[in-house]
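A.B. asks: First, the structure itself, so that you have it in front of you.
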Amino acid sequence: MPLLGGLLRAATCAAALLALTALPGPSRAQESEAQAVQSDAAKAPAAPAADPSTLRICASEKQPPLSMKDGTGLENRIAVAVAEGMGRKPVFVWLAKPAIYLVRDGLEKRLCDVVVGLDSDDPRVLTTKPYYRAGYVFLTKADSGLDIASWKDPRLKTIDHMVVPFGSPGEAMLKDIGRYEEDMAYLYSLVGFRAPRNQYTQIDPGRLVSEVAQGKAAVGVAFAPDIARYVKDSAVPLRMAPVPNDTVTSDGRTMPQDFDQSMGVRKDDAALKDALDAGIAKAKPRIDAILKQDGVPVAATN
Amino acid sequence: MRLGQLSRSASVLAMVAVAPLGLAGAAFANDKLNELAKSEDNWVMPGKNYDSNNYSELTQINKSNVKQLRPAWTFSTGLLNGHEGAPLVVDGKMYVHTSFPNYTFALDLDDPGHILWQDKPKQNPAARSVACCDLVNRGLAYWPGDGKTPPLILKTQLDGHVAALNAQTGETVWKIENSDIKVGSTLTIAPYVVKDKVIVGSSGAELGVRGYLTAYDVKTGAQVWRAYATGPDQDLLLADDFNIKNAHYGQKNLGTTTWEGDAWKIGGGTNWGWYAYDPGTNMIYFGTGNPAPWNETMRPGDNKWTMTIFGRDADTGQAHFGYQKTPHDEWDYAGVNVMMLSEQKDKDGKMRKLLTHPDRNGIVYTLDRTDGSLVSANKIDDTVNVFKSVDLKSGTPVRDPEYGTRMDHLAKDICPSAMGYHNQGHDSYDPKRQAFYMGINHICMDWEPFMLPYRAGQFFVGATLNMYPGPKGDRQNYEGLGQIKSYNAITGKFNWEKMERFAVWGGTTATAGNIVLYGTLDGFIKARDSDNGDLLWKFKLPSGAIGYPITYSHKGQQFVAINYGVGGWPGVGLVFDLQDPTAGLGAVGAFKKLANYTQMGGGVIVFSLDGKGPYDDPNVGEYQQAANK
């Protein structure tokens, strides 16, 4: 029976997320290297003071293509559109860490006031109404016969490598269909064999796309916003096919693949949430244009 | 001063019991290597001899004159990073190995200023980034030749290759790939020659490399057998009588049934430590490493046969016994440490053939090496808290759940830390005193699990380790991280113990001169009185020591040699200039003071009484000879 780890059980349930956030949070930076080449101590960003005419946006320098230091990330541009819709000046507070740290190390430390891309049911924050809905997709070469549309497709058990982000529903399903053990070394080779323990490690989405484009992986599974830009720009034609939202594991549990995306603020910041909702509504045409510009396939929000 | 005959006579020296070779099958170069090992002119294999006891019969250097030890000559390898293990000495030559990129040098003991040959393999530079814990290598092996094939030096490379070099010329005779760095598997282990085979382990358990032990034909590099640590019985190479004397250790099918689903395929259990061999039982003895992944919730079950002491037939690889020390590991207590063989009377007065093994988990185990039965299992220090005891009847450790690591439990003051109370150092056994001299880590840790949710069903589960001195050290100043002890495996008692500023990482060597020799991380070679541990002598090396000393005789003069060059896991902060204390799984924090005492280096230093050595006559090796030569 393929393995579904305890952490999978936790991850697919928002209530469990809430329970886990009650764990004592470690006070030290998590950017430490398990094996070492260079030190990478994350310094606290210089935080501008809160000011009602500005919108202090928690942003990661290193979360391509959603957020990058040059401000061209998908969600950087959406943030600017929403700020302008609110009549406020966008001020980016950059963290030199991946976006997974923004809530804990940015928002909760009051260095900034809004995180742009979170699940609408994220229990740690007060969320706006969703401003788009997107999901996981099967990524294949357009000219391959691999028109995969479901994790039940038997071809997934026999194809060459699959590439999935660590700690994602894709990884969980890879384990569920029993091919994680074969792919594990390949996946780790894409992150230089960092064995994450206290160090967050993730496959770069651009790398994930190029592995499929170059035929090193037959199928990739990724969250569409993470890869859309690279798929659009790929010289090798690629195809994204939605993973059905009613995907079920081998022991009968649902594993949702589509997620409403919202902006999140601190729980005591209801006023800002309301202002963001208004700004998002006003900026909707611009948001939709930005999503289209990056080739993000979207679904209707719930 | 001139050559005596004392070092030649095997019978005078045979206090180290070597069982008769009758069962060993055809006597190839095994006899020759065994004979070479008996000569005190040589240090012909890691551990000095097949008992792997780092014990020398030489007495020229002894308790009363050891303070006269001075450097006789030195050699810098030209490399930094940690220099683990020790050189070999055979046939009047010293063979020196190094950290990555794994150079090998042959030096003439009569004129070491002239390098006889050097091997500098070109390696895939990707190997550097794959290696987890500095770019170390634990040493060389020697095969004496059989008349047709010349004597060989065997070496491993970080990029996963094993090579055989002509011992006279340094030419590569064969080279094969044992480990594939494309799956995160490297090699740091010293190879081990038994008869006509060279035995090699594996590395990369952190990345789910499924561990294996392989025997290659020493002349050609052709694979003879390979035994995995996990998986179906036919992959484990179990003998029909596997654990027959101790069925409660487990017998069939456990390499799969103690895992969920296919998790054994990425189960770890690599071995990168040390071996011992008994020609009488014809078994090689070694331990397998930790299971993968680190997160114990992802691999329910005992995870056999990781963390196991194995006795395997040298010719076929088949396991006659396997004793798992740490079922379902939670702490990274890779079970690959030194195995030392001895013959001692047990508590009932019966003479036993034993193996003794200080494990990462803080327990020093002594087993009957004929069948794997437990004789004793004692705490290496009374501060061990992960286990309350080991039940000798069942073999299982009694865990204290307060010090377990689980994703819902913040654990403080776990002793030992993930580095173990004993790591890769090679210790020694003194048969006169029936004492094991152990170089020990005194390091404990906090283990903080955390879970970071992200979005779209993504999350990251991790654990932060913070390490610091054990309770007997100085927790304010991060010193007192090591110990050296004299241990009796039969009584379970310590004859003496001393604290050290840093972990005694490299191991010890003992002699009939009644001294124990070892190197320290902060850069000293030390000699202690075997009876009471009194410090008799020390010398400041150019850099910290993470290898063990050797001693040998050459033309009637006794020498002590040791590698210097700090690094290894305790040195990762220093070597890679890391500041975050939780980096290196906490080793950076634990050893934050090390850089105040030493910096990197790389080489060998050789000592003798008054520094007598090959250049006492300064004309030796001179370009312009004195007149009337």
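Residues in the structure tokens are numbered from 1 in each chain, the chains being A, B, ... in the order shown, and ligands are numbered from 1 in the order shown.
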Per DSSP on the backbone, what are the alpha helix (DSSP H) residues of segment 553-626 of chain B, as a list in words?
C.D. replies: Val572, Gly573, Leu574, Val575, Ala587, Val588, Gly589 and Ala590 of chain B
A.B. asks: What are the residues of chain B lining chain A at 7 Å or less? Count only C-alpha atoms, and put the answer as a compact mmCIF listing (two decimals) with all heavy atoms, in the first residue's frame.
C.D. replies:
# COMPACT_ATOMS: atom_id res chain seq x y z
N SER B 129 29.15 19.25 -4.12
CA SER B 129 27.89 19.78 -3.61
C SER B 129 26.98 18.68 -3.09
O SER B 129 26.05 18.94 -2.36
CB SER B 129 27.18 20.57 -4.69
OG SER B 129 26.97 19.76 -5.83
N VAL B 130 27.26 17.46 -3.49
CA VAL B 130 26.40 16.36 -3.06
C VAL B 130 26.77 15.90 -1.65
O VAL B 130 25.93 15.44 -0.88
CB VAL B 130 26.51 15.19 -4.06
CG1 VAL B 130 25.74 13.99 -3.58
CG2 VAL B 130 26.01 15.64 -5.43
N CYS B 132 27.47 15.58 2.11
CA CYS B 132 26.72 16.23 3.20
C CYS B 132 27.57 16.90 4.25
O CYS B 132 27.17 17.91 4.82
CB CYS B 132 25.82 15.23 3.90
SG CYS B 132 26.64 14.28 5.20
N CYS B 133 28.75 16.30 4.55
CA CYS B 133 29.37 16.70 5.80
C CYS B 133 30.87 16.95 5.63
O CYS B 133 31.69 16.31 6.27
CB CYS B 133 29.14 15.60 6.84
SG CYS B 133 27.42 15.02 6.85
N LYS B 182 24.78 11.00 -9.29
CA LYS B 182 23.53 11.54 -9.86
C LYS B 182 22.33 11.19 -9.00
O LYS B 182 21.25 11.74 -9.20
CB LYS B 182 23.34 11.05 -11.30
CG LYS B 182 24.37 11.65 -12.26
CD LYS B 182 24.01 11.48 -13.72
CE LYS B 182 24.01 10.03 -14.18
NZ LYS B 182 25.34 9.37 -13.96
N VAL B 183 22.46 10.25 -8.09
CA VAL B 183 21.37 10.01 -7.15
C VAL B 183 21.75 10.44 -5.74
O VAL B 183 21.13 10.03 -4.78
CB VAL B 183 20.91 8.53 -7.17
CG1 VAL B 183 20.44 8.14 -8.55
CG2 VAL B 183 21.96 7.60 -6.66
N GLY B 184 22.78 11.24 -5.63
CA GLY B 184 23.14 11.78 -4.33
C GLY B 184 24.02 10.86 -3.51
O GLY B 184 24.12 10.99 -2.30
N GLU B 206 20.87 10.25 3.80
CA GLU B 206 20.00 11.44 3.95
C GLU B 206 19.08 11.60 2.76
O GLU B 206 18.00 12.16 2.86
CB GLU B 206 20.87 12.70 4.04
CG GLU B 206 21.40 13.01 5.41
CD GLU B 206 20.60 14.11 6.09
OE1 GLU B 206 20.67 15.26 5.61
OE2 GLU B 206 19.90 13.83 7.06
N LEU B 207 19.55 11.17 1.59
CA LEU B 207 18.80 11.37 0.35
C LEU B 207 18.11 10.10 -0.09
O LEU B 207 17.71 9.97 -1.23
CB LEU B 207 19.76 11.86 -0.74
CG LEU B 207 20.38 13.18 -0.35
CD1 LEU B 207 21.69 13.39 -1.06
CD2 LEU B 207 19.44 14.31 -0.66
N GLU B 260 6.61 0.61 5.50
CA GLU B 260 5.28 0.73 4.91
C GLU B 260 5.45 0.78 3.40
O GLU B 260 6.24 1.59 2.89
CB GLU B 260 4.63 2.03 5.40
CG GLU B 260 3.13 1.95 5.51
CD GLU B 260 2.56 3.24 6.10
OE1 GLU B 260 2.74 4.31 5.48
OE2 GLU B 260 1.96 3.17 7.17
N GLY B 261 4.72 -0.04 2.72
CA GLY B 261 4.76 -0.01 1.25
C GLY B 261 6.15 -0.20 0.70
O GLY B 261 6.89 -1.09 1.12
N ASP B 262 6.52 0.66 -0.21
CA ASP B 262 7.81 0.56 -0.87
C ASP B 262 8.87 1.45 -0.24
O ASP B 262 9.91 1.70 -0.85
CB ASP B 262 7.67 0.96 -2.35
CG ASP B 262 7.03 -0.14 -3.18
OD1 ASP B 262 6.92 -1.28 -2.68
OD2 ASP B 262 6.64 0.15 -4.32
N ALA B 263 8.60 1.92 0.95
CA ALA B 263 9.52 2.89 1.56
C ALA B 263 10.93 2.33 1.73
O ALA B 263 11.89 3.08 1.80
CB ALA B 263 8.97 3.35 2.91
N LYS B 265 12.67 1.05 -0.42
CA LYS B 265 13.47 1.33 -1.61
C LYS B 265 14.30 2.59 -1.45
O LYS B 265 15.31 2.77 -2.12
CB LYS B 265 12.56 1.51 -2.83
CG LYS B 265 11.89 0.24 -3.30
CD LYS B 265 11.11 0.51 -4.59
CE LYS B 265 10.43 -0.76 -5.05
NZ LYS B 265 9.53 -0.48 -6.20
N ILE B 266 13.84 3.50 -0.61
CA ILE B 266 14.59 4.73 -0.34
C ILE B 266 14.93 4.77 1.14
O ILE B 266 14.92 5.81 1.77
CB ILE B 266 13.77 5.97 -0.74
CG1 ILE B 266 12.34 5.87 -0.18
CG2 ILE B 266 13.71 6.11 -2.25
CD1 ILE B 266 11.57 7.19 -0.27
N THR B 297 7.87 10.11 11.05
CA THR B 297 6.46 9.84 10.76
C THR B 297 6.28 9.30 9.35
O THR B 297 5.25 8.71 9.03
CB THR B 297 5.59 11.11 10.88
OG1 THR B 297 6.09 12.08 9.97
CG2 THR B 297 5.61 11.66 12.27
N MET B 298 7.27 9.49 8.50
CA MET B 298 7.13 9.06 7.12
C MET B 298 7.60 7.64 6.89
O MET B 298 7.55 7.15 5.77
CB MET B 298 7.90 10.03 6.23
CG MET B 298 7.35 11.44 6.34
SD MET B 298 8.12 12.58 5.22
CE MET B 298 7.65 11.88 3.67
N PHE B 450 8.69 21.92 13.18
CA PHE B 450 7.84 23.03 12.77
C PHE B 450 7.17 22.69 11.45
O PHE B 450 7.63 21.83 10.70
CB PHE B 450 8.63 24.33 12.64
CG PHE B 450 9.70 24.30 11.57
CD1 PHE B 450 9.42 24.70 10.27
CD2 PHE B 450 10.98 23.87 11.87
CE1 PHE B 450 10.39 24.66 9.28
CE2 PHE B 450 11.97 23.84 10.89
CZ PHE B 450 11.67 24.23 9.59
N MET B 451 6.06 23.34 11.21
CA MET B 451 5.33 23.12 9.98
C MET B 451 4.96 24.49 9.44
O MET B 451 4.37 25.31 10.13
CB MET B 451 4.06 22.33 10.29
CG MET B 451 3.46 21.68 9.07
SD MET B 451 2.35 22.75 8.18
CE MET B 451 1.18 21.55 7.59
N LEU B 452 5.37 24.74 8.21
CA LEU B 452 5.07 26.00 7.58
C LEU B 452 4.05 25.76 6.49
O LEU B 452 4.36 25.12 5.48
CB LEU B 452 6.33 26.59 6.94
CG LEU B 452 7.25 27.42 7.81
CD1 LEU B 452 8.41 27.91 6.97
CD2 LEU B 452 6.51 28.60 8.42
N PRO B 453 2.84 26.23 6.67
CA PRO B 453 1.88 26.12 5.56
C PRO B 453 2.24 27.16 4.50
O PRO B 453 2.85 28.19 4.81
CB PRO B 453 0.54 26.47 6.20
CG PRO B 453 0.80 26.71 7.64
CD PRO B 453 2.26 26.89 7.83
N TYR B 454 1.86 26.89 3.29
CA TYR B 454 2.11 27.86 2.22
C TYR B 454 0.76 28.13 1.56
O TYR B 454 -0.03 28.90 2.09
CB TYR B 454 3.18 27.32 1.29
CG TYR B 454 3.54 28.21 0.12
CD1 TYR B 454 3.53 29.59 0.25
CD2 TYR B 454 3.89 27.68 -1.11
CE1 TYR B 454 3.87 30.41 -0.82
CE2 TYR B 454 4.23 28.49 -2.18
CZ TYR B 454 4.20 29.86 -2.03
OH TYR B 454 4.53 30.66 -3.09
N ARG B 455 0.51 27.58 0.43
CA ARG B 455 -0.75 27.83 -0.29
C ARG B 455 -0.98 26.69 -1.24
O ARG B 455 -0.06 25.90 -1.51
CB ARG B 455 -0.67 29.13 -1.07
CG ARG B 455 0.32 29.03 -2.24
CD ARG B 455 0.73 30.35 -2.78
NE ARG B 455 -0.29 30.96 -3.62
CZ ARG B 455 -0.09 32.07 -4.33
NH1 ARG B 455 1.09 32.68 -4.28
NH2 ARG B 455 -1.06 32.58 -5.05
N ALA B 456 -2.16 26.61 -1.78
CA ALA B 456 -2.48 25.59 -2.79
C ALA B 456 -2.07 24.21 -2.29
O ALA B 456 -1.49 23.41 -3.03
CB ALA B 456 -1.82 25.93 -4.13
N GLY B 457 -2.36 23.95 -1.02
CA GLY B 457 -2.08 22.63 -0.49
C GLY B 457 -0.63 22.34 -0.27
O GLY B 457 -0.25 21.19 -0.02
N GLN B 458 0.22 23.36 -0.34
CA GLN B 458 1.66 23.13 -0.12
C GLN B 458 2.06 23.52 1.29
O GLN B 458 1.50 24.43 1.89
CB GLN B 458 2.49 23.96 -1.11
CG GLN B 458 2.35 23.49 -2.55
CD GLN B 458 3.27 24.25 -3.46
OE1 GLN B 458 4.44 24.50 -3.15
NE2 GLN B 458 2.76 24.63 -4.61
N PHE B 459 3.06 22.84 1.79
CA PHE B 459 3.52 23.10 3.14
C PHE B 459 4.94 22.56 3.24
O PHE B 459 5.39 21.81 2.38
CB PHE B 459 2.62 22.39 4.17
CG PHE B 459 2.56 20.93 3.89
CD1 PHE B 459 3.47 20.06 4.46
CD2 PHE B 459 1.61 20.43 3.01
CE1 PHE B 459 3.43 18.71 4.15
CE2 PHE B 459 1.58 19.08 2.70
CZ PHE B 459 2.49 18.22 3.28
N PHE B 460 5.60 22.96 4.30
CA PHE B 460 6.94 22.43 4.56
C PHE B 460 7.00 21.97 6.01
O PHE B 460 6.64 22.70 6.92
CB PHE B 460 8.00 23.50 4.30
CG PHE B 460 9.39 23.07 4.66
CD1 PHE B 460 10.00 22.01 4.00
CD2 PHE B 460 10.09 23.72 5.66
CE1 PHE B 460 11.28 21.60 4.34
CE2 PHE B 460 11.38 23.31 6.00
CZ PHE B 460 11.97 22.25 5.33
N GLY B 462 9.53 20.63 8.90
CA GLY B 462 10.96 20.59 9.20
C GLY B 462 11.23 20.45 10.68
O GLY B 462 10.31 20.37 11.50
N ALA B 463 12.48 20.39 11.00
CA ALA B 463 12.90 20.36 12.40
C ALA B 463 14.20 21.12 12.52
O ALA B 463 15.10 20.97 11.69
CB ALA B 463 13.09 18.93 12.87
N THR B 464 14.27 21.94 13.52
CA THR B 464 15.49 22.69 13.81
C THR B 464 16.22 22.01 14.94
O THR B 464 15.62 21.71 15.98
CB THR B 464 15.13 24.12 14.24
OG1 THR B 464 14.34 24.71 13.22
CG2 THR B 464 16.39 24.94 14.44
N PHE B 576 33.19 26.05 6.03
CA PHE B 576 32.33 26.72 5.05
C PHE B 576 31.90 28.10 5.52
O PHE B 576 31.02 28.71 4.91
CB PHE B 576 31.12 25.84 4.74
CG PHE B 576 31.48 24.53 4.11
CD1 PHE B 576 31.41 23.35 4.83
CD2 PHE B 576 31.92 24.49 2.79
CE1 PHE B 576 31.76 22.14 4.24
CE2 PHE B 576 32.27 23.28 2.20
CZ PHE B 576 32.19 22.11 2.93
N ASP B 577 32.50 28.59 6.60
CA ASP B 577 32.24 29.94 7.08
C ASP B 577 30.74 30.17 7.30
O ASP B 577 30.14 31.08 6.74
CB ASP B 577 32.79 30.98 6.09
CG ASP B 577 32.76 32.38 6.69
OD1 ASP B 577 32.81 32.50 7.93
OD2 ASP B 577 32.66 33.36 5.92
N LEU B 578 30.14 29.32 8.12
CA LEU B 578 28.72 29.44 8.40
C LEU B 578 28.52 30.13 9.73
O LEU B 578 29.25 29.87 10.69
CB LEU B 578 28.07 28.04 8.45
CG LEU B 578 28.26 27.21 7.20
CD1 LEU B 578 27.67 25.83 7.41
CD2 LEU B 578 27.61 27.88 6.01
N GLN B 579 27.50 30.99 9.79
CA GLN B 579 27.25 31.72 11.04
C GLN B 579 26.00 31.21 11.76
O GLN B 579 25.91 31.30 12.98
CB GLN B 579 27.06 33.22 10.75
CG GLN B 579 28.11 33.83 9.84
CD GLN B 579 29.51 33.60 10.34
OE1 GLN B 579 29.74 33.60 11.55
NE2 GLN B 579 30.46 33.39 9.45
N ASP B 580 25.02 30.74 11.00
CA ASP B 580 23.76 30.34 11.61
C ASP B 580 23.97 29.12 12.49
O ASP B 580 24.37 28.07 12.01
CB ASP B 580 22.74 30.03 10.51
CG ASP B 580 21.37 29.69 11.06
OD1 ASP B 580 21.26 29.32 12.25
OD2 ASP B 580 20.41 29.78 10.29
N THR B 582 22.07 26.98 13.66
CA THR B 582 21.32 25.76 13.36
C THR B 582 21.77 25.10 12.07
O THR B 582 21.24 24.06 11.69
CB THR B 582 19.81 26.05 13.27
OG1 THR B 582 19.56 26.89 12.15
CG2 THR B 582 19.29 26.69 14.54
N ALA B 583 22.73 25.70 11.39
CA ALA B 583 23.26 25.09 10.17
C ALA B 583 24.07 23.85 10.52
O ALA B 583 24.52 23.68 11.65
CB ALA B 583 24.11 26.09 9.40
N GLY B 584 24.23 23.00 9.51
CA GLY B 584 24.95 21.75 9.76
C GLY B 584 24.23 20.91 10.79
O GLY B 584 24.86 20.22 11.59
N LEU B 585 22.90 20.99 10.79
CA LEU B 585 22.07 20.31 11.78
C LEU B 585 22.44 20.71 13.20
O LEU B 585 22.30 19.93 14.13
CB LEU B 585 22.16 18.78 11.65
CG LEU B 585 21.62 18.17 10.36
CD1 LEU B 585 21.62 16.67 10.47
CD2 LEU B 585 20.22 18.66 10.07
A.B. asks: So which bits of segment 121-297 of chain A end up strand (DSSP E or B) when you DSSP the backbone, as JSON, numbers by chain?
C.D. replies: {"A": [126, 127, 132, 133, 134, 135, 136, 137, 138, 139, 140, 141, 162, 163, 219, 220, 221, 222, 223, 238, 239, 240, 241, 242, 248, 254, 258, 259, 260, 261, 262, 263, 264, 265]}
A.B. asks: Could you pull the residues within 10 Å of segment 74-81 of chain B, counting only C-alpha atoms, minus those fewer than 2 positions along the same chain, as a VMD selection string?
C.D. replies: chain B and resid 71 to 72 83 to 84 96 to 105 107 112 to 113 115 134 to 137 542 to 543 561 to 568 571 to 572 574 to 576 599 to 607
A.B. asks: Need the shell around segment 281-295 of chain B: protein/DNA/RNA residues with any atom at most 6 Å away, counting only C-alpha atoms. Skip same-chain ones fewer than 3 positions apart. Format as a list in words?
C.D. replies: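 After dropping sequence-adjacent residues, the list is Ala24, Glu206, Gly208, Gly267, Gly268, Gly269, Thr270, Asn271, Tyr275, Ala276, Tyr277, Asp278, Met298, Thr306, Met307, Thr308, Ile309, Phe310, Gly311, Arg312, Asp313, Ala314, Asp332, Ala334, Gly335 and Val336 of chain B.
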A.B. asks: Restricting it to C-alpha atoms, dump the selection as a CSV table (one decimal), in the first residue's frame.
C.D. replies:
chain,number,residue,atom,x,y,z
B,24,ALA,CA,39.1,-19.5,5.8
B,206,GLU,CA,20.0,11.4,3.9
B,208,GLY,CA,17.2,8.0,0.5
B,267,GLY,CA,15.3,3.5,3.1
B,268,GLY,CA,18.9,4.4,3.7
B,269,GLY,CA,21.1,2.1,5.8
B,270,THR,CA,24.3,3.1,4.0
B,271,ASN,CA,27.6,2.2,5.6
B,275,TYR,CA,35.1,-3.0,9.3
B,276,ALA,CA,36.7,-5.8,11.2
B,277,TYR,CA,37.4,-9.4,10.1
B,278,ASP,CA,37.9,-12.7,11.8
B,298,MET,CA,7.1,9.1,7.1
B,306,THR,CA,19.2,0.0,9.2
B,307,MET,CA,21.2,0.6,12.4
B,308,THR,CA,22.3,-3.0,12.5
B,309,ILE,CA,25.5,-4.8,13.4
B,310,PHE,CA,26.1,-7.4,10.8
B,311,GLY,CA,28.3,-10.4,10.7
B,312,ARG,CA,28.6,-11.4,7.0
B,313,ASP,CA,30.6,-14.2,5.4
B,314,ALA,CA,33.6,-12.7,3.6
B,332,ASP,CA,20.1,10.2,13.1
B,334,ALA,CA,23.9,6.2,12.0
B,335,GLY,CA,25.2,2.9,13.1
B,336,VAL,CA,28.5,2.7,11.2
